[in-house]
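**Student:** One structure, pasted below without further comment.
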Amino acid sequence: MQGVLESRVASAGSGLTERQSAVLEQALRLLVDGGEKALTTAGVARAANCSKESLYKWFGDRDGLLSAMIGYQASKVRTLDVSAGALDAAALRRHLVAFATDLLDVLSGDVSLALNRLAIGQASREGSKLGHMLQERGRRQIGRRAGALLEAGRKARLLAFDDAEEAYGALYGLVVSDWHLRMLLGEEPSEMKRSFSRRAERAVDAFLTLYGKKE
C-alpha cells in the first residue's frame, strides 16, 4: 500500500538550502551547549563558518534567526500530504503513528527542551517574543500540517469530527500527555524514550477510538 500512496513529506524546512539548514543546526547546537548568551550573531557565524552578512541576508535579525530555528526544528516532525482517495484505515493509522513518533522524538530532544526552557525563562520579560514564536512557528505550524492529514482522513470517510483544530488538540494531548512537562522540569528522559513507540501506537489507537468513523 505504501508504494501506491502518492504522498510527500511536508516540511517547513523544505524551502531552505542545504547550507542554510547546516547553519541552523549549528545555531541550535550553540543554544543547547551554551544557552541564550551563546546565541549571538558572531557566535553563530563563527560556529557555522559563514559571514554575519550571510546570516542577516538569510534570516534577518536575531528574532528572525530564532524564528527560523524554531521552524526548522518543527519541520523535523514529518507529516504527509496524502490525497483522500489514497487512504485506507491501515494507511491512515500508519501515517498517524509515524507523526506521533516523530512528535515525541522531536519534543524530547535537547534542542526542543532548550527552546522551551528559554521561552519559559523569558515569559515575564517585557518584549520577549520567543513564547509567541514557539506557538506560531512550532506547535501551530506542526498542527496545520497534521490537520491536513486529519482532513484527508475525514474526506476518505475514515474520521468523523466537526472541528479539525479540536481533533488535532485531542491527538496532541493523547500523544504528549504530561511527559513533556516532566522532562522540562528535569526528569530523566531515557526511560520514557524507550516507550515512545508503544506510546505513539496507544495514543493513535485511542484517537481512532474517539474519532474513527464507525461503519
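Letters A, B, ... go to the chains of the C-alpha cells in the order shown; residues in each chain start at 1; ligands are counted from 1 in the same order.
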Write out as a VMD selection string all residues of region 31-195 of chain A that DSSP puts in helix (DSSP H, G or I) for this structure's backbone.
**Tutor:** chain A and resid 31 to 34 36 to 38 41 to 48 52 to 59 62 to 74 84 to 86 89 to 107 110 to 122 130 to 155 164 to 176 179 to 184 190 to 194
**Student:** Would you kindly return, as a list in words, each protein, DNA or RNA residue with an atom no farther than 8 Å from any atom of region 212-214 of chain A, considering only C-alpha atoms and excluding same-chain residues fewer than 4 positions away?
**Tutor:**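 The contact residues come out as Arg157, Leu158, Leu159, Ala160, Phe207 and Leu208 of chain A.
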**Student:** Output the selection as a compact mmCIF listing (two decimals), in the first residue's frame - N, CA and C atoms for each residue.
**Tutor:**
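Writing the result to part.txt gives the following:
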```
# COMPACT_ATOMS: atom_id res chain seq x y z
N ARG A 157 -13.69 9.42 4.64
CA ARG A 157 -14.72 8.81 5.49
C ARG A 157 -14.13 7.79 6.49
N LEU A 158 -12.90 8.10 6.91
CA LEU A 158 -12.25 7.27 7.92
C LEU A 158 -12.30 7.94 9.30
N LEU A 159 -12.47 9.26 9.33
CA LEU A 159 -12.55 10.03 10.56
C LEU A 159 -13.82 10.86 10.55
N ALA A 160 -14.33 11.12 11.74
CA ALA A 160 -15.54 11.95 11.86
C ALA A 160 -15.30 12.99 12.95
N PHE A 207 -7.06 7.75 19.81
CA PHE A 207 -7.61 8.79 18.95
C PHE A 207 -8.60 8.20 17.95
N LEU A 208 -8.24 7.08 17.36
CA LEU A 208 -9.13 6.45 16.38
C LEU A 208 -10.40 5.91 17.03
```
**Student:** Can you check which parts of region 69-178 of chain A lie within 10 Å of region 13-26 of chain A? Per residue, the shortest pair of atoms and distance in Å to one decimal, counting only C-alpha atoms, sorted by chain and number, as a tab-separated table.
**Tutor:**
```
residue	atom	partner	partner_atom	distance
A:Met69	CA	A:Leu24	CA	5.8
A:Ile70	CA	A:Leu24	CA	9.3
A:Gly71	CA	A:Gly13	CA	7.0
A:Tyr72	CA	A:Gly13	CA	5.1
A:Gln73	CA	A:Gly13	CA	8.2
A:Ala74	CA	A:Gly13	CA	8.3
A:Ser75	CA	A:Gly13	CA	5.4
A:Lys76	CA	A:Gly13	CA	8.0
A:Val111	CA	A:Glu25	CA	9.6
```
**Student:** State, in Å with one decimal place, the distance from CA of Gly173 (chain A) to CA of Lys193 (chain A).
**Tutor:**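 These two atoms are separated by 17.1 Å.
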**Student:** When you look at Trp179 (chain A) with a cut-off of 12 Å (counting only C-alpha atoms), what residues show up, excluding the ones that are within fewer than 5 positions of it in the same chain? I need them as an mmCIF file with all heavy atoms, in the first residue's frame.
**Tutor:**
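So the final result, stored in part.cif, reads:
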```cif
data_model
loop_
_atom_site.group_PDB
_atom_site.id
_atom_site.type_symbol
_atom_site.label_atom_id
_atom_site.label_comp_id
_atom_site.auth_asym_id
_atom_site.auth_seq_id
_atom_site.Cartn_x
_atom_site.Cartn_y
_atom_site.Cartn_z
ATOM 1 N N LEU A 104 7.065 12.909 19.436
ATOM 2 C CA LEU A 104 7.708 12.543 20.695
ATOM 3 C C LEU A 104 9.221 12.683 20.604
ATOM 4 O O LEU A 104 9.866 13.216 21.515
ATOM 5 C CB LEU A 104 7.339 11.105 21.065
ATOM 6 C CG LEU A 104 5.886 10.878 21.494
ATOM 7 C CD1 LEU A 104 5.562 9.382 21.528
ATOM 8 C CD2 LEU A 104 5.612 11.510 22.852
ATOM 9 N N LEU A 107 10.137 16.595 20.414
ATOM 10 C CA LEU A 107 9.873 17.341 21.650
ATOM 11 C C LEU A 107 10.783 16.905 22.795
ATOM 12 O O LEU A 107 11.058 17.693 23.703
ATOM 13 C CB LEU A 107 8.413 17.178 22.062
ATOM 14 C CG LEU A 107 7.367 17.899 21.203
ATOM 15 C CD1 LEU A 107 5.971 17.647 21.755
ATOM 16 C CD2 LEU A 107 7.643 19.396 21.128
ATOM 17 N N SER A 108 11.245 15.662 22.760
ATOM 18 C CA SER A 108 12.095 15.164 23.843
ATOM 19 C C SER A 108 13.569 15.427 23.609
ATOM 20 O O SER A 108 14.405 15.132 24.468
ATOM 21 C CB SER A 108 11.882 13.654 24.025
ATOM 22 O OG SER A 108 12.353 12.942 22.888
ATOM 23 N N LEU A 113 13.797 20.974 24.153
ATOM 24 C CA LEU A 113 13.755 21.245 25.590
ATOM 25 C C LEU A 113 14.456 22.570 25.906
ATOM 26 O O LEU A 113 13.962 23.364 26.712
ATOM 27 C CB LEU A 113 14.398 20.100 26.370
ATOM 28 C CG LEU A 113 13.634 18.773 26.355
ATOM 29 C CD1 LEU A 113 14.446 17.674 27.035
ATOM 30 C CD2 LEU A 113 12.275 18.915 27.037
ATOM 31 N N GLY A 173 -2.808 15.905 22.722
ATOM 32 C CA GLY A 173 -2.887 15.610 24.148
ATOM 33 C C GLY A 173 -2.684 14.143 24.455
ATOM 34 O O GLY A 173 -2.021 13.786 25.436
ATOM 35 N N LEU A 174 -3.244 13.267 23.625
ATOM 36 C CA LEU A 174 -3.077 11.832 23.834
ATOM 37 C C LEU A 174 -1.627 11.404 23.637
ATOM 38 O O LEU A 174 -1.115 10.541 24.357
ATOM 39 C CB LEU A 174 -3.983 11.057 22.873
ATOM 40 C CG LEU A 174 -5.485 11.092 23.184
ATOM 41 C CD1 LEU A 174 -6.286 10.597 21.989
ATOM 42 C CD2 LEU A 174 -5.795 10.256 24.419
ATOM 43 N N LEU A 184 10.711 18.882 30.971
ATOM 44 C CA LEU A 184 11.091 20.282 31.149
ATOM 45 C C LEU A 184 11.488 20.567 32.588
ATOM 46 O O LEU A 184 12.343 21.422 32.851
ATOM 47 C CB LEU A 184 9.933 21.195 30.738
ATOM 48 C CG LEU A 184 9.661 21.318 29.240
ATOM 49 C CD1 LEU A 184 8.369 22.088 28.997
ATOM 50 C CD2 LEU A 184 10.825 22.016 28.532
ATOM 51 N N LEU A 185 10.880 19.847 33.509
ATOM 52 C CA LEU A 185 11.186 20.032 34.927
ATOM 53 C C LEU A 185 12.405 19.224 35.366
ATOM 54 O O LEU A 185 12.766 19.242 36.541
ATOM 55 C CB LEU A 185 9.970 19.651 35.777
ATOM 56 C CG LEU A 185 8.770 20.591 35.628
ATOM 57 C CD1 LEU A 185 7.571 20.044 36.399
ATOM 58 C CD2 LEU A 185 9.108 21.996 36.100
ATOM 59 N N GLY A 186 13.029 18.500 34.417
ATOM 60 C CA GLY A 186 14.304 17.849 34.721
ATOM 61 C C GLY A 186 14.252 16.362 34.938
ATOM 62 O O GLY A 186 15.283 15.763 35.271
ATOM 63 N N GLU A 187 13.096 15.723 34.744
ATOM 64 C CA GLU A 187 13.036 14.281 34.926
ATOM 65 C C GLU A 187 13.872 13.585 33.851
ATOM 66 O O GLU A 187 13.857 13.976 32.688
ATOM 67 C CB GLU A 187 11.589 13.786 34.860
ATOM 68 C CG GLU A 187 11.438 12.306 35.181
ATOM 69 C CD GLU A 187 9.973 11.906 35.345
ATOM 70 O OE1 GLU A 187 9.171 12.767 35.752
ATOM 71 O OE2 GLU A 187 9.651 10.737 35.075
ATOM 72 N N GLU A 188 14.588 12.557 34.240
ATOM 73 C CA GLU A 188 15.439 11.819 33.312
ATOM 74 C C GLU A 188 14.597 11.200 32.201
ATOM 75 O O GLU A 188 13.673 10.426 32.467
ATOM 76 C CB GLU A 188 16.200 10.709 34.068
ATOM 77 C CG GLU A 188 16.973 9.755 33.190
ATOM 78 C CD GLU A 188 17.955 10.487 32.285
ATOM 79 O OE1 GLU A 188 18.670 11.383 32.763
ATOM 80 O OE2 GLU A 188 17.972 10.145 31.093
ATOM 81 N N PRO A 189 14.895 11.529 30.942
ATOM 82 C CA PRO A 189 14.019 11.100 29.852
ATOM 83 C C PRO A 189 14.284 9.706 29.298
ATOM 84 O O PRO A 189 13.490 9.196 28.520
ATOM 85 C CB PRO A 189 14.300 12.146 28.766
ATOM 86 C CG PRO A 189 15.726 12.530 29.000
ATOM 87 C CD PRO A 189 15.919 12.477 30.500
ATOM 88 N N SER A 190 15.410 9.081 29.667
ATOM 89 C CA SER A 190 15.803 7.842 28.998
ATOM 90 C C SER A 190 14.751 6.750 29.125
ATOM 91 O O SER A 190 14.448 6.044 28.152
ATOM 92 C CB SER A 190 17.146 7.345 29.535
ATOM 93 O OG SER A 190 17.079 7.143 30.937
ATOM 94 N N GLU A 191 14.164 6.592 30.301
ATOM 95 C CA GLU A 191 13.156 5.549 30.481
ATOM 96 C C GLU A 191 11.918 5.855 29.660
ATOM 97 O O GLU A 191 11.332 4.958 29.032
ATOM 98 C CB GLU A 191 12.782 5.446 31.966
ATOM 99 C CG GLU A 191 11.795 4.315 32.275
ATOM 100 C CD GLU A 191 12.357 2.950 31.952
ATOM 101 O OE1 GLU A 191 13.577 2.743 32.134
ATOM 102 O OE2 GLU A 191 11.580 2.076 31.509
ATOM 103 N N MET A 192 11.487 7.107 29.633
ATOM 104 C CA MET A 192 10.314 7.477 28.856
ATOM 105 C C MET A 192 10.555 7.268 27.364
ATOM 106 O O MET A 192 9.675 6.815 26.635
ATOM 107 C CB MET A 192 9.930 8.934 29.133
ATOM 108 C CG MET A 192 9.275 9.149 30.489
ATOM 109 S SD MET A 192 8.684 10.853 30.707
ATOM 110 C CE MET A 192 10.209 11.671 31.188
ATOM 111 N N LYS A 193 11.769 7.567 26.898
ATOM 112 C CA LYS A 193 12.069 7.434 25.484
ATOM 113 C C LYS A 193 11.970 5.989 25.014
ATOM 114 O O LYS A 193 11.624 5.730 23.855
ATOM 115 C CB LYS A 193 13.463 8.001 25.182
ATOM 116 C CG LYS A 193 13.529 9.514 25.244
ATOM 117 C CD LYS A 193 14.914 10.012 24.855
ATOM 118 C CE LYS A 193 14.966 11.533 24.847
ATOM 119 N NZ LYS A 193 16.277 12.053 24.412
ATOM 120 N N SER A 195 9.807 3.943 25.698
ATOM 121 C CA SER A 195 8.421 3.540 25.489
ATOM 122 C C SER A 195 7.721 4.368 24.421
ATOM 123 O O SER A 195 6.503 4.272 24.262
ATOM 124 C CB SER A 195 7.644 3.660 26.808
ATOM 125 O OG SER A 195 7.529 5.017 27.213
ATOM 126 N N PHE A 196 8.479 5.174 23.659
ATOM 127 C CA PHE A 196 7.851 6.072 22.692
ATOM 128 C C PHE A 196 7.051 5.333 21.630
ATOM 129 O O PHE A 196 5.966 5.760 21.248
ATOM 130 C CB PHE A 196 8.911 6.953 22.022
ATOM 131 C CG PHE A 196 9.264 8.184 22.820
ATOM 132 C CD1 PHE A 196 10.229 9.065 22.354
ATOM 133 C CD2 PHE A 196 8.642 8.460 24.034
ATOM 134 C CE1 PHE A 196 10.563 10.202 23.080
ATOM 135 C CE2 PHE A 196 8.979 9.588 24.769
ATOM 136 C CZ PHE A 196 9.935 10.455 24.294
ATOM 137 N N ARG A 199 3.897 4.190 23.148
ATOM 138 C CA ARG A 199 3.059 5.351 23.470
ATOM 139 C C ARG A 199 2.400 5.897 22.213
ATOM 140 O O ARG A 199 1.206 6.230 22.225
ATOM 141 C CB ARG A 199 3.902 6.440 24.145
ATOM 142 C CG ARG A 199 3.131 7.749 24.377
ATOM 143 C CD ARG A 199 4.023 8.807 24.989
ATOM 144 N NE ARG A 199 4.271 8.519 26.384
ATOM 145 C CZ ARG A 199 3.454 8.868 27.373
ATOM 146 N NH1 ARG A 199 2.315 9.508 27.108
ATOM 147 N NH2 ARG A 199 3.746 8.593 28.617
#
```
**Student:** For Thr209 (chain A), which residue among A:Arg93, A:Lys129, A:Arg137, A:Arg117 is the nearest when counting only C-alpha atoms?
**Tutor:**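 The closest residue to Thr209 (chain A) is A:Arg93.
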**Student:** For Ala42 (chain A), find every residue with an atom within 8 Å (counting only C-alpha atoms), except residues of its own chain fewer than 3 positions away, and show them as a list in words.
**Tutor:** Ala45, Arg46 and Lys52 of chain A
**Student:** Go ahead and write the residues just picked, all heavy atoms, as an mmCIF file, in the first residue's frame.
**Tutor:**
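Once written, again_15.cif looks like this:
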```
data_model
loop_
_atom_site.group_PDB
_atom_site.id
_atom_site.type_symbol
_atom_site.label_atom_id
_atom_site.label_comp_id
_atom_site.auth_asym_id
_atom_site.auth_seq_id
_atom_site.Cartn_x
_atom_site.Cartn_y
_atom_site.Cartn_z
ATOM 1 N N ALA A 45 27.868 32.728 13.388
ATOM 2 C CA ALA A 45 28.694 32.851 12.186
ATOM 3 C C ALA A 45 30.009 32.095 12.346
ATOM 4 O O ALA A 45 30.459 31.394 11.425
ATOM 5 C CB ALA A 45 28.965 34.328 11.887
ATOM 6 N N ARG A 46 30.602 32.194 13.522
ATOM 7 C CA ARG A 46 31.869 31.509 13.771
ATOM 8 C C ARG A 46 31.665 29.990 13.786
ATOM 9 O O ARG A 46 32.426 29.239 13.164
ATOM 10 C CB ARG A 46 32.449 31.980 15.107
ATOM 11 C CG ARG A 46 33.820 31.416 15.434
ATOM 12 C CD ARG A 46 34.472 32.194 16.574
ATOM 13 N NE ARG A 46 33.608 32.291 17.739
ATOM 14 C CZ ARG A 46 33.003 33.424 18.132
ATOM 15 N NH1 ARG A 46 33.163 34.534 17.447
ATOM 16 N NH2 ARG A 46 32.242 33.439 19.213
ATOM 17 N N LYS A 52 28.574 37.109 8.975
ATOM 18 C CA LYS A 52 27.402 37.711 9.589
ATOM 19 C C LYS A 52 26.486 38.308 8.530
ATOM 20 O O LYS A 52 25.259 38.314 8.695
ATOM 21 C CB LYS A 52 27.827 38.790 10.603
ATOM 22 C CG LYS A 52 28.479 38.228 11.850
ATOM 23 C CD LYS A 52 28.606 39.257 12.947
ATOM 24 C CE LYS A 52 29.648 40.296 12.627
ATOM 25 N NZ LYS A 52 29.858 41.238 13.759
#
```
**Student:** Near Asp33 (chain A), counting only C-alpha atoms, which residues have an atom at most 12 Å away, once you skip same-chain residues fewer than 6 positions from it, shown as a PyMOL selection string?
**Tutor:** chain A and resi 26-27+39+110-111+114-115
**Student:** Need the shell around Leu55 (chain A): protein/DNA/RNA residues with any atom at most 8 Å away, counting only C-alpha atoms. Skip same-chain ones fewer than 3 positions apart. Format as an MDAnalysis selection string?
**Tutor:** chainID A and resid 41 45 50:52 58:60 65
**Student:** Since we have the selection now, will you write its residues out, keeping C-alpha atoms, as an mmCIF file, in the first residue's frame?
**Tutor:**
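Contents of part.cif, as written:
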```cif
data_model
loop_
_atom_site.group_PDB
_atom_site.id
_atom_site.type_symbol
_atom_site.label_atom_id
_atom_site.label_comp_id
_atom_site.auth_asym_id
_atom_site.auth_seq_id
_atom_site.Cartn_x
_atom_site.Cartn_y
_atom_site.Cartn_z
ATOM 1 C CA THR A 41 25.225 36.543 15.500
ATOM 2 C CA ALA A 45 28.694 32.851 12.186
ATOM 3 C CA CYS A 50 29.836 31.798 7.486
ATOM 4 C CA SER A 51 29.709 35.581 7.464
ATOM 5 C CA LYS A 52 27.402 37.711 9.589
ATOM 6 C CA TRP A 58 19.063 34.662 5.117
ATOM 7 C CA PHE A 59 17.340 35.202 8.451
ATOM 8 C CA GLY A 60 17.320 38.897 9.308
ATOM 9 C CA LEU A 65 17.154 33.700 13.342
#
```
**Student:** Which residues, written as a ChimeraX atom specification, have at least one atom at most 9 Å from Ala100 (chain A), with only C-alpha atoms counted and residues fewer than 2 positions away on the same chain left out?
**Tutor:** /A:77,95-98,102-105,171-172,175-176,196-197,199-201,203-204
**Student:** Take the selection from the previous step and output its residues with N, CA, C and O atoms, as a PDB file, in the first residue's frame.
**Tutor:**
```pdb
ATOM      1  N   VAL A  77       9.254  17.129  12.520  1.00  0.00           N
ATOM      2  CA  VAL A  77       8.061  16.293  12.730  1.00  0.00           C
ATOM      3  C   VAL A  77       7.406  16.116  11.365  1.00  0.00           C
ATOM      4  O   VAL A  77       6.791  17.019  10.837  1.00  0.00           O
ATOM      5  N   HIS A  95       0.326   6.464   9.069  1.00  0.00           N
ATOM      6  CA  HIS A  95       0.784   7.857   8.997  1.00  0.00           C
ATOM      7  C   HIS A  95       0.641   8.562  10.340  1.00  0.00           C
ATOM      8  O   HIS A  95       1.513   9.351  10.732  1.00  0.00           O
ATOM      9  N   LEU A  96      -0.439   8.295  11.053  1.00  0.00           N
ATOM     10  CA  LEU A  96      -0.637   8.928  12.358  1.00  0.00           C
ATOM     11  C   LEU A  96       0.399   8.433  13.370  1.00  0.00           C
ATOM     12  O   LEU A  96       0.906   9.225  14.183  1.00  0.00           O
ATOM     13  N   VAL A  97       0.731   7.156  13.337  1.00  0.00           N
ATOM     14  CA  VAL A  97       1.745   6.619  14.252  1.00  0.00           C
ATOM     15  C   VAL A  97       3.110   7.228  13.933  1.00  0.00           C
ATOM     16  O   VAL A  97       3.872   7.579  14.846  1.00  0.00           O
ATOM     17  N   ALA A  98       3.433   7.367  12.634  1.00  0.00           N
ATOM     18  CA  ALA A  98       4.707   7.992  12.252  1.00  0.00           C
ATOM     19  C   ALA A  98       4.767   9.434  12.751  1.00  0.00           C
ATOM     20  O   ALA A  98       5.798   9.884  13.272  1.00  0.00           O
ATOM     21  N   ASP A 102       7.421  10.843  15.610  1.00  0.00           N
ATOM     22  CA  ASP A 102       8.279  11.998  15.326  1.00  0.00           C
ATOM     23  C   ASP A 102       8.051  13.109  16.345  1.00  0.00           C
ATOM     24  O   ASP A 102       9.000  13.751  16.811  1.00  0.00           O
ATOM     25  N   LEU A 103       6.793  13.353  16.679  1.00  0.00           N
ATOM     26  CA  LEU A 103       6.471  14.411  17.638  1.00  0.00           C
ATOM     27  C   LEU A 103       7.147  14.131  18.979  1.00  0.00           C
ATOM     28  O   LEU A 103       7.757  15.025  19.580  1.00  0.00           O
ATOM     29  N   LEU A 104       7.065  12.909  19.436  1.00  0.00           N
ATOM     30  CA  LEU A 104       7.708  12.543  20.695  1.00  0.00           C
ATOM     31  C   LEU A 104       9.221  12.683  20.604  1.00  0.00           C
ATOM     32  O   LEU A 104       9.866  13.216  21.515  1.00  0.00           O
ATOM     33  N   ASP A 105       9.806  12.208  19.515  1.00  0.00           N
ATOM     34  CA  ASP A 105      11.260  12.281  19.351  1.00  0.00           C
ATOM     35  C   ASP A 105      11.748  13.725  19.331  1.00  0.00           C
ATOM     36  O   ASP A 105      12.758  14.064  19.965  1.00  0.00           O
ATOM     37  N   LEU A 171      -5.553  14.670  19.611  1.00  0.00           N
ATOM     38  CA  LEU A 171      -4.434  13.805  19.230  1.00  0.00           C
ATOM     39  C   LEU A 171      -3.157  14.234  19.938  1.00  0.00           C
ATOM     40  O   LEU A 171      -2.433  13.395  20.501  1.00  0.00           O
ATOM     41  N   TYR A 172      -2.883  15.533  19.930  1.00  0.00           N
ATOM     42  CA  TYR A 172      -1.676  16.052  20.581  1.00  0.00           C
ATOM     43  C   TYR A 172      -1.672  15.703  22.067  1.00  0.00           C
ATOM     44  O   TYR A 172      -0.662  15.246  22.619  1.00  0.00           O
ATOM     45  N   VAL A 175      -0.965  12.020  22.675  1.00  0.00           N
ATOM     46  CA  VAL A 175       0.427  11.657  22.403  1.00  0.00           C
ATOM     47  C   VAL A 175       1.356  12.202  23.481  1.00  0.00           C
ATOM     48  O   VAL A 175       2.187  11.481  24.039  1.00  0.00           O
ATOM     49  N   VAL A 176       1.210  13.475  23.805  1.00  0.00           N
ATOM     50  CA  VAL A 176       2.184  14.149  24.666  1.00  0.00           C
ATOM     51  C   VAL A 176       1.888  13.945  26.148  1.00  0.00           C
ATOM     52  O   VAL A 176       2.805  13.787  26.963  1.00  0.00           O
ATOM     53  N   PHE A 196       8.479   5.174  23.659  1.00  0.00           N
ATOM     54  CA  PHE A 196       7.851   6.072  22.692  1.00  0.00           C
ATOM     55  C   PHE A 196       7.051   5.333  21.630  1.00  0.00           C
ATOM     56  O   PHE A 196       5.966   5.760  21.248  1.00  0.00           O
ATOM     57  N   SER A 197       7.584   4.254  21.106  1.00  0.00           N
ATOM     58  CA  SER A 197       6.871   3.528  20.043  1.00  0.00           C
ATOM     59  C   SER A 197       5.529   3.026  20.549  1.00  0.00           C
ATOM     60  O   SER A 197       4.499   3.181  19.872  1.00  0.00           O
ATOM     61  N   ARG A 199       3.897   4.190  23.148  1.00  0.00           N
ATOM     62  CA  ARG A 199       3.059   5.351  23.470  1.00  0.00           C
ATOM     63  C   ARG A 199       2.400   5.897  22.213  1.00  0.00           C
ATOM     64  O   ARG A 199       1.206   6.230  22.225  1.00  0.00           O
ATOM     65  N   ALA A 200       3.161   6.008  21.134  1.00  0.00           N
ATOM     66  CA  ALA A 200       2.620   6.530  19.882  1.00  0.00           C
ATOM     67  C   ALA A 200       1.472   5.654  19.388  1.00  0.00           C
ATOM     68  O   ALA A 200       0.418   6.157  18.982  1.00  0.00           O
ATOM     69  N   GLU A 201       1.658   4.350  19.409  1.00  0.00           N
ATOM     70  CA  GLU A 201       0.619   3.450  18.924  1.00  0.00           C
ATOM     71  C   GLU A 201      -0.619   3.494  19.809  1.00  0.00           C
ATOM     72  O   GLU A 201      -1.754   3.517  19.301  1.00  0.00           O
ATOM     73  N   ALA A 203      -1.586   5.997  21.700  1.00  0.00           N
ATOM     74  CA  ALA A 203      -2.238   7.304  21.525  1.00  0.00           C
ATOM     75  C   ALA A 203      -3.063   7.335  20.245  1.00  0.00           C
ATOM     76  O   ALA A 203      -4.201   7.835  20.240  1.00  0.00           O
ATOM     77  N   VAL A 204      -2.508   6.817  19.162  1.00  0.00           N
ATOM     78  CA  VAL A 204      -3.237   6.809  17.892  1.00  0.00           C
ATOM     79  C   VAL A 204      -4.459   5.900  17.983  1.00  0.00           C
ATOM     80  O   VAL A 204      -5.542   6.252  17.491  1.00  0.00           O
TER      81      VAL A 204
END
```
**Student:** From the options A:His132, A:Arg182, A:Arg78, A:Arg94, which residue's atoms come nearest to Ala146 (chain A), counting only C-alpha atoms?
**Tutor:**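 For Ala146 (chain A), the nearest of the given residues is A:Arg78.
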**Student:** Please identify the strand (DSSP E or B) residues within region 2-168 of chain A (assignment by DSSP from backbone atoms) and present them as a JSON list (two decimals) with all heavy atoms, in the first residue's frame.
**Tutor:**
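This is the output file result_23.json:
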```json
[["chain", "number", "residue", "atom", "x", "y", "z"],
["A", 7, "SER", "N", 2.25, 10.40, -1.98],
["A", 7, "SER", "CA", 2.35, 11.35, -0.88],
["A", 7, "SER", "C", 3.77, 11.88, -0.82],
["A", 7, "SER", "O", 4.69, 11.32, -1.39],
["A", 7, "SER", "CB", 1.99, 10.66, 0.44],
["A", 7, "SER", "OG", 2.84, 9.57, 0.67],
["A", 8, "ARG", "N", 3.91, 12.98, -0.13],
["A", 8, "ARG", "CA", 5.24, 13.55, 0.04],
["A", 8, "ARG", "C", 5.35, 14.10, 1.44],
["A", 8, "ARG", "O", 4.38, 14.46, 2.07],
["A", 8, "ARG", "CB", 5.50, 14.66, -0.98],
["A", 8, "ARG", "CG", 4.60, 15.86, -0.82],
["A", 8, "ARG", "CD", 4.91, 16.92, -1.87],
["A", 8, "ARG", "NE", 4.00, 18.04, -1.80],
["A", 8, "ARG", "CZ", 4.10, 19.03, -0.94],
["A", 8, "ARG", "NH1", 5.05, 19.03, -0.04],
["A", 8, "ARG", "NH2", 3.22, 20.02, -0.94],
["A", 9, "VAL", "N", 6.57, 14.12, 1.94],
["A", 9, "VAL", "CA", 6.78, 14.70, 3.26],
["A", 9, "VAL", "C", 6.58, 16.20, 3.16],
["A", 9, "VAL", "O", 7.16, 16.86, 2.30],
["A", 9, "VAL", "CB", 8.20, 14.40, 3.77],
["A", 9, "VAL", "CG1", 8.46, 15.11, 5.08],
["A", 9, "VAL", "CG2", 8.39, 12.90, 3.94],
["A", 10, "ALA", "N", 5.74, 16.72, 4.04],
["A", 10, "ALA", "CA", 5.51, 18.17, 4.10],
["A", 10, "ALA", "C", 6.40, 18.74, 5.18],
["A", 10, "ALA", "O", 6.25, 18.42, 6.34],
["A", 10, "ALA", "CB", 4.05, 18.45, 4.41],
["A", 79, "THR", "N", 4.97, 15.20, 8.41],
["A", 79, "THR", "CA", 3.59, 14.92, 8.07],
["A", 79, "THR", "C", 3.54, 14.67, 6.58],
["A", 79, "THR", "O", 4.47, 15.01, 5.85],
["A", 79, "THR", "CB", 2.66, 16.09, 8.43],
["A", 79, "THR", "OG1", 3.17, 17.29, 7.84],
["A", 79, "THR", "CG2", 2.54, 16.27, 9.93],
["A", 80, "LEU", "N", 2.48, 14.08, 6.12],
["A", 80, "LEU", "CA", 2.39, 13.70, 4.72],
["A", 80, "LEU", "C", 1.20, 14.36, 4.06],
["A", 80, "LEU", "O", 0.12, 14.42, 4.64],
["A", 80, "LEU", "CB", 2.24, 12.18, 4.60],
["A", 80, "LEU", "CG", 3.46, 11.36, 5.05],
["A", 80, "LEU", "CD1", 3.09, 9.89, 5.16],
["A", 80, "LEU", "CD2", 4.62, 11.53, 4.09],
["A", 81, "ASP", "N", 1.43, 14.88, 2.86],
["A", 81, "ASP", "CA", 0.33, 15.34, 2.03],
["A", 81, "ASP", "C", -0.22, 14.12, 1.29],
["A", 81, "ASP", "O", 0.44, 13.58, 0.41],
["A", 81, "ASP", "CB", 0.81, 16.38, 1.01],
["A", 81, "ASP", "CG", 1.15, 17.70, 1.67],
["A", 81, "ASP", "OD1", 0.65, 17.94, 2.78],
["A", 81, "ASP", "OD2", 1.92, 18.47, 1.08],
["A", 82, "VAL", "N", -1.39, 13.67, 1.69],
["A", 82, "VAL", "CA", -1.96, 12.45, 1.13],
["A", 82, "VAL", "C", -3.34, 12.76, 0.59],
["A", 82, "VAL", "O", -4.15, 13.40, 1.25],
["A", 82, "VAL", "CB", -2.07, 11.34, 2.21],
["A", 82, "VAL", "CG1", -2.57, 10.05, 1.58],
["A", 82, "VAL", "CG2", -0.73, 11.12, 2.88],
["A", 159, "LEU", "N", -12.47, 9.26, 9.33],
["A", 159, "LEU", "CA", -12.55, 10.03, 10.56],
["A", 159, "LEU", "C", -13.82, 10.86, 10.55],
["A", 159, "LEU", "O", -14.30, 11.25, 9.48],
["A", 159, "LEU", "CB", -11.34, 10.96, 10.71],
["A", 159, "LEU", "CG", -9.95, 10.33, 10.82],
["A", 159, "LEU", "CD1", -8.87, 11.41, 10.79],
["A", 159, "LEU", "CD2", -9.83, 9.49, 12.08]]
```
**Student:** So, counting only C-alpha atoms, which residue among A:Ala167, A:Ala156, A:Leu149, A:Leu130 is closest to Ala86 (chain A)?
**Tutor:**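 Among A:Ala167, A:Ala156, A:Leu149, A:Leu130, it is A:Ala156 that comes nearest to Ala86 (chain A).
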**Student:** What is the distance, in Å and to one decimal place, between CA of Leu210 (chain A) and CA of Ser177 (chain A)?
**Tutor:**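 So the two atoms, CA of Leu210 (chain A) and CA of Ser177 (chain A), lie 16.2 Å apart.
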**Student:** Here is a test: counting only C-alpha atoms, which residue of A:Ile120, A:Leu150, A:Ala170, A:Leu28 is nearest to Ser67 (chain A)?
**Tutor:** A:Leu28
